[in-house]
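**Q** This is query_36.cif (mmCIF, C-alpha atoms).
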data_data
loop_
_atom_site.group_PDB
_atom_site.id
_atom_site.type_symbol
_atom_site.label_atom_id
_atom_site.label_comp_id
_atom_site.auth_asym_id
_atom_site.auth_seq_id
_atom_site.Cartn_x
_atom_site.Cartn_y
_atom_site.Cartn_z
ATOM 1 C CA MET A 1 17.790 -18.545 -8.869
ATOM 2 C CA ARG A 2 17.665 -14.788 -9.269
ATOM 3 C CA VAL A 3 20.321 -12.717 -10.880
ATOM 4 C CA THR A 4 21.318 -9.439 -9.330
ATOM 5 C CA SER A 5 19.963 -6.588 -11.367
ATOM 6 C CA PRO A 6 22.306 -3.936 -12.800
ATOM 7 C CA GLY A 7 20.702 -1.302 -10.539
ATOM 8 C CA TRP A 8 22.045 -2.979 -7.431
ATOM 9 C CA THR A 9 24.986 -1.363 -5.672
ATOM 10 C CA GLU A 10 27.129 -2.243 -2.683
ATOM 11 C CA ASN A 11 25.397 0.549 -0.760
ATOM 12 C CA ASP A 12 22.157 -1.392 -0.874
ATOM 13 C CA ASN A 13 23.687 -3.816 1.607
ATOM 14 C CA LEU A 14 24.351 -1.136 4.173
ATOM 15 C CA PRO A 15 21.675 -0.111 6.647
ATOM 16 C CA LEU A 16 21.066 3.611 6.793
ATOM 17 C CA LYS A 17 23.358 5.213 9.355
ATOM 18 C CA ASP A 18 20.713 7.230 11.175
ATOM 19 C CA VAL A 19 18.426 4.271 11.653
ATOM 20 C CA PRO A 20 18.728 1.954 14.635
ATOM 21 C CA PRO A 21 19.277 -1.650 13.573
ATOM 22 C CA ALA A 22 16.146 -3.742 13.321
ATOM 23 C CA ARG A 23 15.619 -6.206 16.105
ATOM 24 C CA VAL A 24 17.308 -9.545 15.704
ATOM 25 C CA THR A 25 15.299 -11.790 13.461
ATOM 26 C CA ALA A 26 14.742 -15.252 14.835
ATOM 27 C CA ARG A 27 16.419 -17.758 12.542
ATOM 28 C CA SER A 28 15.304 -21.274 11.875
ATOM 29 C CA GLU A 29 17.623 -24.130 12.772
ATOM 30 C CA ASN A 30 18.353 -24.705 9.102
ATOM 31 C CA VAL A 31 21.249 -22.856 7.608
ATOM 32 C CA SER A 32 19.789 -19.829 5.869
ATOM 33 C CA PRO A 33 21.357 -18.413 2.740
ATOM 34 C CA MET A 34 23.277 -15.206 3.337
ATOM 35 C CA PRO A 35 21.061 -12.169 2.879
ATOM 36 C CA ARG A 36 21.605 -10.563 -0.492
ATOM 37 C CA LEU A 37 20.152 -7.231 0.485
ATOM 38 C CA THR A 38 18.986 -5.576 3.677
ATOM 39 C CA LYS A 39 17.574 -2.100 3.990
ATOM 40 C CA SER A 40 15.883 -0.190 6.802
ATOM 41 C CA TYR A 41 13.649 2.855 6.790
ATOM 42 C CA HIS A 42 12.686 5.048 9.723
ATOM 43 C CA ILE A 43 8.978 5.625 10.363
ATOM 44 C CA LYS A 44 8.069 8.765 12.281
ATOM 45 C CA ALA A 45 5.208 8.705 14.765
ATOM 46 C CA ARG A 46 2.047 10.570 13.723
ATOM 47 C CA ASP A 47 3.577 11.774 10.445
ATOM 48 C CA PHE A 48 0.500 11.169 8.310
ATOM 49 C CA ILE A 49 1.896 13.113 5.378
ATOM 50 C CA ARG A 50 4.988 10.961 4.854
ATOM 51 C CA ALA A 51 3.461 7.667 5.993
ATOM 52 C CA GLY A 52 3.836 5.157 3.197
ATOM 53 C CA GLU A 53 7.025 6.587 1.689
ATOM 54 C CA ALA A 54 9.137 3.679 2.934
ATOM 55 C CA SER A 55 6.798 1.169 1.292
ATOM 56 C CA ILE A 56 6.854 3.096 -1.973
ATOM 57 C CA ASN A 57 10.682 3.067 -1.803
ATOM 58 C CA ILE A 58 10.634 -0.706 -1.311
ATOM 59 C CA GLN A 59 8.130 -1.047 -4.168
ATOM 60 C CA ASN A 60 10.436 0.933 -6.478
ATOM 61 C CA LEU A 61 13.470 -1.056 -5.319
ATOM 62 C CA LEU A 62 11.760 -4.378 -6.100
ATOM 63 C CA LYS A 63 10.526 -3.037 -9.456
ATOM 64 C CA SER A 64 14.104 -2.094 -10.363
ATOM 65 C CA MET A 65 15.135 -5.663 -9.522
ATOM 66 C CA ASP A 66 12.501 -7.081 -11.875
ATOM 67 C CA PHE A 67 10.465 -9.030 -9.334
ATOM 68 C CA ASP A 68 7.050 -10.488 -10.142
ATOM 69 C CA PRO A 69 4.561 -7.555 -10.088
ATOM 70 C CA ARG A 70 2.100 -9.562 -7.980
ATOM 71 C CA LEU A 71 4.777 -10.212 -5.358
ATOM 72 C CA ILE A 72 5.744 -6.531 -5.377
ATOM 73 C CA ARG A 73 2.120 -5.533 -4.892
ATOM 74 C CA ARG A 74 1.676 -7.914 -1.928
ATOM 75 C CA VAL A 75 4.891 -6.684 -0.288
ATOM 76 C CA ALA A 76 3.961 -3.028 -0.836
ATOM 77 C CA ILE A 77 0.466 -3.514 0.622
ATOM 78 C CA CYS A 78 1.877 -5.223 3.723
ATOM 79 C CA GLY A 79 4.517 -2.545 4.190
ATOM 80 C CA TYR A 80 2.025 0.259 3.715
ATOM 81 C CA GLU A 81 -0.535 -1.159 6.144
ATOM 82 C CA GLY A 82 2.288 -1.707 8.633
ATOM 83 C CA GLU A 83 3.549 1.833 8.240
ATOM 84 C CA MET A 84 0.052 3.218 8.798
ATOM 85 C CA ASN A 85 -0.269 1.073 11.941
ATOM 86 C CA VAL A 86 2.986 2.478 13.305
ATOM 87 C CA VAL A 87 2.090 6.072 12.428
ATOM 88 C CA MET A 88 -1.378 5.750 13.961
ATOM 89 C CA HIS A 89 -0.629 3.685 17.049
ATOM 90 C CA GLY A 90 2.980 2.799 17.428
ATOM 91 C CA GLY A 91 5.284 5.724 18.049
ATOM 92 C CA ASP A 92 8.545 5.776 16.104
ATOM 93 C CA GLY A 93 9.374 2.656 14.178
ATOM 94 C CA THR A 94 11.431 0.924 11.520
ATOM 95 C CA LEU A 95 10.479 -0.874 8.325
ATOM 96 C CA SER A 96 13.158 -3.318 7.188
ATOM 97 C CA ILE A 97 13.454 -5.543 4.176
ATOM 98 C CA GLU A 98 15.777 -8.512 3.911
ATOM 99 C CA LEU A 99 16.160 -10.429 0.721
ATOM 100 C CA ASP A 100 17.854 -13.695 -0.136
ATOM 101 C CA ASP A 101 17.489 -16.043 -3.077
ATOM 102 C CA GLU A 102 14.397 -17.799 -1.753
ATOM 103 C CA LYS A 103 12.477 -15.354 0.339
ATOM 104 C CA LEU A 104 11.809 -11.778 1.230
ATOM 105 C CA THR A 105 11.340 -10.757 4.854
ATOM 106 C CA LEU A 106 9.546 -7.578 5.815
ATOM 107 C CA GLU A 107 9.807 -6.466 9.419
ATOM 108 C CA ILE A 108 7.970 -3.559 11.009
ATOM 109 C CA SER A 109 8.910 -2.689 14.555
ATOM 110 C CA ASP A 110 7.918 0.185 16.804
ATOM 111 C CA ASP A 111 8.392 1.383 20.351
ATOM 112 C CA GLY A 112 4.711 2.114 20.901
ATOM 113 C CA PRO A 113 2.187 0.894 23.453
ATOM 114 C CA GLY A 114 2.041 -2.651 22.093
ATOM 115 C CA ILE A 115 -0.979 -4.784 21.221
ATOM 116 C CA GLU A 116 -2.822 -6.084 24.258
ATOM 117 C CA ASP A 117 -4.734 -8.872 22.509
ATOM 118 C CA ILE A 118 -3.104 -9.940 19.247
ATOM 119 C CA GLU A 119 -5.874 -12.408 18.397
ATOM 120 C CA LEU A 120 -8.470 -9.660 18.714
ATOM 121 C CA ALA A 121 -6.343 -7.238 16.663
ATOM 122 C CA MET A 122 -6.179 -9.825 13.860
ATOM 123 C CA GLN A 123 -9.970 -9.851 13.507
ATOM 124 C CA ALA A 124 -11.227 -7.965 10.467
ATOM 125 C CA GLY A 125 -13.014 -4.812 11.581
ATOM 126 C CA TYR A 126 -11.525 -4.610 15.077
ATOM 127 C CA SER A 127 -9.983 -1.190 15.510
ATOM 128 C CA THR A 128 -8.698 1.150 18.210
ATOM 129 C CA ALA A 129 -8.312 4.029 15.752
ATOM 130 C CA ASN A 130 -9.710 7.496 16.326
ATOM 131 C CA ASP A 131 -11.514 9.957 14.049
ATOM 132 C CA ASP A 132 -8.244 11.526 12.821
ATOM 133 C CA HIS A 133 -7.130 8.138 11.541
ATOM 134 C CA ARG A 134 -10.465 7.532 9.836
ATOM 135 C CA GLU A 135 -10.296 10.918 8.135
ATOM 136 C CA MET A 136 -7.129 9.648 6.457
ATOM 137 C CA GLY A 137 -9.028 6.605 5.203
ATOM 138 C CA PHE A 138 -7.496 4.227 7.703
ATOM 139 C CA GLY A 139 -8.470 2.744 11.036
ATOM 140 C CA ALA A 140 -11.136 0.406 9.684
ATOM 141 C CA GLY A 141 -9.602 -2.604 11.370
ATOM 142 C CA MET A 142 -8.288 -4.134 8.155
ATOM 143 C CA GLY A 143 -4.536 -3.517 8.581
ATOM 144 C CA LEU A 144 -3.348 -6.729 10.215
ATOM 145 C CA PRO A 145 -5.913 -8.915 8.349
ATOM 146 C CA ASN A 146 -4.674 -7.414 5.053
ATOM 147 C CA MET A 147 -1.073 -8.102 6.058
ATOM 148 C CA LYS A 148 -1.919 -11.702 6.923
ATOM 149 C CA LYS A 149 -3.793 -12.169 3.646
ATOM 150 C CA ASN A 150 -0.970 -10.806 1.503
ATOM 151 C CA SER A 151 2.019 -12.508 3.145
ATOM 152 C CA ASP A 152 2.985 -16.191 3.141
ATOM 153 C CA HIS A 153 3.669 -16.122 6.863
ATOM 154 C CA ILE A 154 3.134 -13.517 9.553
ATOM 155 C CA HIS A 155 4.523 -13.424 13.068
ATOM 156 C CA ILE A 156 3.635 -10.774 15.631
ATOM 157 C CA GLU A 157 5.440 -10.137 18.886
ATOM 158 C CA SER A 158 4.074 -7.538 21.234
ATOM 159 C CA LEU A 159 4.110 -6.698 24.907
ATOM 160 C CA LYS A 160 2.031 -4.031 26.574
ATOM 161 C CA ASN A 161 4.047 -0.789 26.741
ATOM 162 C CA ASN A 162 6.966 -2.517 25.073
ATOM 163 C CA GLY A 163 6.440 -2.091 21.355
ATOM 164 C CA THR A 164 5.457 -4.416 18.532
ATOM 165 C CA VAL A 165 7.343 -6.386 15.903
ATOM 166 C CA VAL A 166 5.467 -7.703 12.871
ATOM 167 C CA ARG A 167 7.517 -9.999 10.656
ATOM 168 C CA MET A 168 6.235 -11.251 7.303
ATOM 169 C CA LEU A 169 7.727 -13.768 4.917
ATOM 170 C CA PHE A 170 7.179 -13.895 1.178
ATOM 171 C CA MET A 171 8.469 -16.844 -0.816
ATOM 172 C CA ILE A 172 10.051 -15.729 -4.079
ATOM 173 C CA PRO A 173 8.634 -17.706 -7.010
ATOM 174 C CA GLU A 174 11.084 -19.146 -9.524
ATOM 175 C CA LYS A 175 10.955 -17.480 -12.917
ATOM 176 C CA GLY A 176 7.884 -18.694 -14.765
ATOM 177 C CA GLU A 177 6.313 -20.177 -11.649
ATOM 178 C CA THR A 178 2.752 -19.058 -10.969
ATOM 179 C CA ASP A 179 1.022 -18.843 -7.626
ATOM 180 C CA MET B 1 -14.181 1.923 -21.405
ATOM 181 C CA LYS B 2 -11.593 4.575 -22.034
ATOM 182 C CA LEU B 3 -10.638 7.050 -19.346
ATOM 183 C CA SER B 4 -11.814 9.873 -21.619
ATOM 184 C CA GLU B 5 -15.288 8.256 -21.709
ATOM 185 C CA ILE B 6 -15.317 8.110 -17.901
ATOM 186 C CA VAL B 7 -14.571 11.853 -17.793
ATOM 187 C CA ASP B 8 -17.461 12.450 -20.238
ATOM 188 C CA ALA B 9 -19.907 10.156 -18.391
ATOM 189 C CA LEU B 10 -19.289 12.088 -15.185
ATOM 190 C CA ASP B 11 -19.279 15.570 -16.776
ATOM 191 C CA ALA B 12 -15.990 15.702 -14.907
ATOM 192 C CA THR B 13 -12.810 17.733 -14.923
ATOM 193 C CA LEU B 14 -9.482 16.053 -15.539
ATOM 194 C CA LEU B 15 -7.003 17.425 -12.999
ATOM 195 C CA THR B 16 -3.989 15.527 -14.288
ATOM 196 C CA GLY B 17 -3.298 12.597 -16.627
ATOM 197 C CA GLU B 18 -3.877 14.048 -20.112
ATOM 198 C CA ASP B 19 -1.537 11.383 -21.514
ATOM 199 C CA LYS B 20 -3.657 8.557 -20.059
ATOM 200 C CA LEU B 21 -7.028 9.424 -21.632
ATOM 201 C CA GLU B 22 -6.845 6.432 -23.988
ATOM 202 C CA LYS B 23 -6.253 4.036 -21.091
ATOM 203 C CA SER B 24 -8.814 1.237 -20.852
ATOM 204 C CA ILE B 25 -10.652 0.721 -17.548
ATOM 205 C CA THR B 26 -13.128 -2.079 -16.849
ATOM 206 C CA ARG B 27 -13.449 -2.156 -13.065
ATOM 207 C CA CYS B 28 -14.514 0.404 -10.527
ATOM 208 C CA GLY B 29 -14.391 0.689 -6.752
ATOM 209 C CA ALA B 30 -15.821 3.348 -4.455
ATOM 210 C CA SER B 31 -14.585 3.800 -0.916
ATOM 211 C CA ASP B 32 -13.312 6.280 1.621
ATOM 212 C CA LEU B 33 -11.544 3.452 3.410
ATOM 213 C CA MET B 34 -8.141 2.904 1.871
ATOM 214 C CA SER B 35 -7.707 -0.477 3.561
ATOM 215 C CA ASP B 36 -10.768 -1.731 1.706
ATOM 216 C CA VAL B 37 -9.134 -0.685 -1.559
ATOM 217 C CA LEU B 38 -5.907 -2.422 -0.530
ATOM 218 C CA ALA B 39 -7.845 -5.572 0.411
ATOM 219 C CA ALA B 40 -9.373 -5.926 -3.056
ATOM 220 C CA VAL B 41 -7.752 -6.630 -6.395
ATOM 221 C CA SER B 42 -7.857 -3.072 -7.624
ATOM 222 C CA GLU B 43 -5.204 -3.040 -10.311
ATOM 223 C CA ASP B 44 -5.995 -0.681 -13.196
ATOM 224 C CA CYS B 45 -9.404 0.120 -11.738
ATOM 225 C CA VAL B 46 -10.895 3.556 -11.275
ATOM 226 C CA LEU B 47 -11.287 4.497 -7.604
ATOM 227 C CA LEU B 48 -14.103 6.838 -6.565
ATOM 228 C CA THR B 49 -13.541 8.528 -3.233
ATOM 229 C CA GLY B 50 -14.440 11.567 -1.171
ATOM 230 C CA LEU B 51 -10.982 11.670 0.408
ATOM 231 C CA THR B 52 -8.427 14.068 -1.029
ATOM 232 C CA THR B 53 -5.324 13.318 1.064
ATOM 233 C CA VAL B 54 -1.867 12.186 -0.039
ATOM 234 C CA GLN B 55 -2.745 8.760 1.338
ATOM 235 C CA VAL B 56 -5.235 8.301 -1.507
ATOM 236 C CA ILE B 57 -2.374 8.696 -3.983
ATOM 237 C CA ARG B 58 -0.086 6.366 -1.987
ATOM 238 C CA THR B 59 -2.876 3.797 -1.841
ATOM 239 C CA ALA B 60 -3.302 4.121 -5.602
ATOM 240 C CA MET B 61 0.458 3.639 -6.079
ATOM 241 C CA VAL B 62 0.646 0.594 -3.797
ATOM 242 C CA ALA B 63 -2.508 -1.061 -5.153
ATOM 243 C CA GLY B 64 -1.876 -0.162 -8.810
ATOM 244 C CA VAL B 65 -5.103 1.842 -9.171
ATOM 245 C CA GLY B 66 -5.507 3.186 -12.731
ATOM 246 C CA ALA B 67 -7.260 6.499 -11.988
ATOM 247 C CA VAL B 68 -8.841 8.330 -9.049
ATOM 248 C CA VAL B 69 -12.173 10.175 -9.172
ATOM 249 C CA PHE B 70 -12.926 12.699 -6.419
ATOM 250 C CA VAL B 71 -16.691 12.968 -5.986
ATOM 251 C CA ARG B 72 -18.833 15.943 -4.894
ATOM 252 C CA LYS B 73 -16.672 18.377 -6.858
ATOM 253 C CA LYS B 74 -13.842 17.950 -4.382
ATOM 254 C CA GLN B 75 -10.565 19.624 -5.227
ATOM 255 C CA PRO B 76 -7.476 17.970 -3.769
ATOM 256 C CA PRO B 77 -4.697 20.223 -2.443
ATOM 257 C CA PRO B 78 -1.939 21.103 -4.970
ATOM 258 C CA GLU B 79 0.608 18.741 -3.381
ATOM 259 C CA VAL B 80 -1.777 15.835 -3.972
ATOM 260 C CA VAL B 81 -2.180 16.759 -7.653
ATOM 261 C CA ASP B 82 1.597 17.192 -7.984
ATOM 262 C CA MET B 83 2.254 13.773 -6.468
ATOM 263 C CA ALA B 84 -0.279 12.110 -8.788
ATOM 264 C CA ARG B 85 1.247 13.870 -11.807
ATOM 265 C CA GLU B 86 4.737 12.677 -10.852
ATOM 266 C CA GLN B 87 3.467 9.131 -10.410
ATOM 267 C CA GLY B 88 1.379 9.118 -13.592
ATOM 268 C CA ILE B 89 -1.946 8.571 -11.808
ATOM 269 C CA PRO B 90 -4.819 10.433 -13.522
ATOM 270 C CA LEU B 91 -7.069 12.492 -11.219
ATOM 271 C CA ILE B 92 -10.652 13.377 -12.065
ATOM 272 C CA SER B 93 -13.082 15.643 -10.214
ATOM 273 C CA SER B 94 -16.758 14.699 -10.562
ATOM 274 C CA PRO B 95 -19.511 17.214 -9.762
ATOM 275 C CA TYR B 96 -21.870 14.399 -8.751
ATOM 276 C CA SER B 97 -22.287 12.640 -5.409
ATOM 277 C CA MET B 98 -20.676 9.267 -4.763
ATOM 278 C CA PHE B 99 -24.029 7.567 -5.449
ATOM 279 C CA VAL B 100 -24.741 9.324 -8.721
ATOM 280 C CA SER B 101 -21.108 9.022 -9.908
ATOM 281 C CA CYS B 102 -21.226 5.266 -9.272
ATOM 282 C CA GLY B 103 -24.600 4.965 -10.986
ATOM 283 C CA ARG B 104 -23.388 6.752 -14.087
ATOM 284 C CA LEU B 105 -20.350 4.489 -14.404
ATOM 285 C CA HIS B 106 -22.400 1.360 -13.685
ATOM 286 C CA ALA B 107 -24.720 2.385 -16.513
ATOM 287 C CA CYS B 108 -21.625 2.451 -18.729
ATOM 288 C CA TYR B 109 -21.057 -1.261 -17.936
ATOM 289 C CA LEU B 110 -18.128 -0.876 -15.576
ATOM 290 C CA THR B 111 -17.971 -3.756 -13.078
ATOM 291 C CA GLY B 112 -17.014 -3.784 -9.409
ATOM 292 C CA LEU B 113 -13.491 -4.680 -8.291
ATOM 293 C CA ASP B 114 -14.525 -8.345 -8.155
ATOM 294 C CA GLY B 115 -15.753 -8.209 -11.757
ATOM 295 C CA LYS B 116 -19.451 -8.375 -10.779
ATOM 296 C CA ARG B 117 -22.138 -5.966 -11.951
#
Could you quickly redo this structure as structure tokens?

**A**
Amino acid sequence: MRVTSPGWTENDNLPLKDVPPARVTARSENVSPMPRLTKSYHIKARDFIRAGEASINIQNLLKSMDFDPRLIRRVAICGYEGEMNVVMHGGDGTLSIELDDEKLTLEISDDGPGIEDIELAMQAGYSTANDDHREMGFGAGMGLPNMKKNSDHIHIESLKNNGTVVRMLFMIPEKGETD
Amino acid sequence: MKLSEIVDALDATLLTGEDKLEKSITRCGASDLMSDVLAAVSEDCVLLTGLTTVQVIRTAMVAGVGAVVFVRKKQPPPEVVDMAREQGIPLISSPYSMFVSCGRLHACYLTGLDGKR
């Protein structure tokens, strides 16, 4: 079991006021432990300069809480790829993190055009990006495959013209446990 | 090899990271596609790229890249250098092309991101 780090404050439990709440996360039938920390970050459409800041904030937060560096790296990569997806394709969005004693949940939601064929979008190399995206070094069709590779579980909900929610789970290893 | 030796091997200019010149680097990746860098184990590697945007620095931060080399004498904008300085990521500008920069570092026994030569 993890111990709360000294850097943690009550404010870390409060979602940011100017951010709409993340969509309701589907819960399993089992009783889940109460979340220890939830935090949401706004992602602005087409803001290529600031894209990635939310993931860096989450990375720094997890570092301050003394998580396994490999776990932090996986979470940061998934968040970053998700943020780039939202900025490139999705319209405005939200990146949320929820943490309890056993797992970390990362959720990226947007109000963009949605993904028409999720199976196709999951294929490495499939991309609907344009030249502007590629000039930033993205749009190579590796975003969702990278997110799948680096998370323990990924769930995508999307409807045409009705936005996308990507939810990823990361199991938190016990101290000393290797993966 | 040390970061200072990488600067020498490339006849390069160090843009920021004077305090990291003794840092040891063994692996090297070259790409303009940041997702490819994020897909590989790139921790403490040197990344060669022709891109000079802030997203290169964010990718380096997320992936744990040890140093970034801009090829073809590219100069990143000041805000990119400032961000790298704040984050402690050394930046190097190489006068050589991507191909020649890679070849010079390969000749110095650096491996790819997967450890292969």

**Q** So how many Å separate atom CA of A:Gly82 and atom CA of A:Gly52, to one decimal?

**A**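 Interatomic distance here is 8.9 Å.
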
**Q** Against chain A, which residues of chain B fall within 12 Å? For each one I want the closest pair of atoms and the distance in Å (one decimal), counting only C-alpha atoms, rows by chain and increasing residue number, as a tab-separated table.

**A**
residue	atom	partner	partner_atom	distance
B:Ser31	CA	A:Gly137	CA	8.7
B:Asp32	CA	A:Gly137	CA	5.6
B:Leu33	CA	A:Gly137	CA	4.4
B:Met34	CA	A:Gly137	CA	5.1
B:Ser35	CA	A:Met142	CA	5.9
B:Asp36	CA	A:Met142	CA	7.3
B:Val37	CA	A:Gly137	CA	9.9
B:Leu38	CA	A:Ile77	CA	6.6
B:Ala39	CA	A:Asn146	CA	5.9
B:Ala40	CA	A:Asn146	CA	9.5
B:Val41	CA	A:Arg73	CA	10.0
B:Ser42	CA	A:Arg73	CA	10.6
B:Glu43	CA	A:Arg73	CA	9.4
B:Thr49	CA	A:Gly137	CA	9.8
B:Gly50	CA	A:Gly137	CA	9.7
B:Leu51	CA	A:Gly137	CA	7.2
B:Thr52	CA	A:Met136	CA	8.8
B:Thr53	CA	A:Met136	CA	6.8
B:Val54	CA	A:Ile49	CA	6.7
B:Gln55	CA	A:Met136	CA	6.8
B:Val56	CA	A:Gly137	CA	7.9
B:Ile57	CA	A:Gly52	CA	10.1
B:Arg58	CA	A:Gly52	CA	6.6
B:Thr59	CA	A:Tyr80	CA	8.2
B:Ala60	CA	A:Ile77	CA	10.5
B:Met61	CA	A:Ile56	CA	7.6
B:Val62	CA	A:Ala76	CA	5.7
B:Ala63	CA	A:Arg73	CA	6.4
B:Gly64	CA	A:Arg73	CA	7.8
B:Val65	CA	A:Arg73	CA	11.2
B:Glu79	CA	A:Ile49	CA	10.5
B:Val80	CA	A:Ile49	CA	10.4
B:Met83	CA	A:Ile49	CA	11.9
B:Gln87	CA	A:Ile56	CA	10.9

**Q** For the provided coordinates, the residues matched by the PyMOL selection byres ((chain B and resi 20) around 10) should be stated as a list in words.

**A**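 So the PyMOL selection byres ((chain B and resi 20) around 10) ends up selecting Lys2, Leu3, Ser4, Thr16, Gly17, Glu18, Asp19, Leu21, Glu22, Lys23, Ser24, Gly66, Ala67, Gly88, Ile89 and Pro90 of chain B.
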
**Q** In Å, how far is it from atom CA of A:Val165 to atom CA of A:Asp100?

**A**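 Between atom CA of A:Val165 and atom CA of A:Asp100 the gap is 20.5 Å.
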
**Q** Rounded to one decimal place, report the atom CA of B:Asp44-atom CA of B:Arg27 distance in Å.

**A**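 Taking atom CA of B:Asp44 as the start and atom CA of B:Arg27 as the end point, the length is 7.6 Å.
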
**Q** For the file shown, report as a list in words the outcome of the PyMOL selection byres ((chain B and resi 48) around 7) at residue level.

**A** Gly29, Ala30, Ser31, Val46, Leu47, Thr49, Val68, Val69, Phe70 and Val71 of chain B

**Q** Please expand the PyMOL selection byres ((chain A and resi 39) around 6) into the concrete residues it hits in this file, giving the result as a list in words.

**A**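 On this input, the PyMOL selection byres ((chain A and resi 39) around 6) captures Pro15, Thr38, Ser40, Ser96 and Ile97 of chain A.
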
**Q** Could those selected residues go to a file with C-alpha atoms, as an mmCIF file, in the coordinates of the input?

**A**
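Below is the file again21.cif, written as the result:
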data_model
loop_
_atom_site.group_PDB
_atom_site.id
_atom_site.type_symbol
_atom_site.label_atom_id
_atom_site.label_comp_id
_atom_site.auth_asym_id
_atom_site.auth_seq_id
_atom_site.Cartn_x
_atom_site.Cartn_y
_atom_site.Cartn_z
ATOM 1 C CA PRO A 15 21.675 -0.111 6.647
ATOM 2 C CA THR A 38 18.986 -5.576 3.677
ATOM 3 C CA SER A 40 15.883 -0.190 6.802
ATOM 4 C CA SER A 96 13.158 -3.318 7.188
ATOM 5 C CA ILE A 97 13.454 -5.543 4.176
#

**Q** Which one of A:Ala54, A:Met34, A:Leu159, A:Met171 sits closest to A:Asp111 if you count all atoms listed in the file?

**A**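 Once distances to A:Asp111 are computed over all atoms listed in the file, the minimum belongs to A:Leu159.
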
**Q** Which one is closest to B:Met98: B:Arg72, B:Met1, B:Ile25, B:Ala9? Count only C-alpha atoms.

**A**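 Nearest to B:Met98: B:Arg72.
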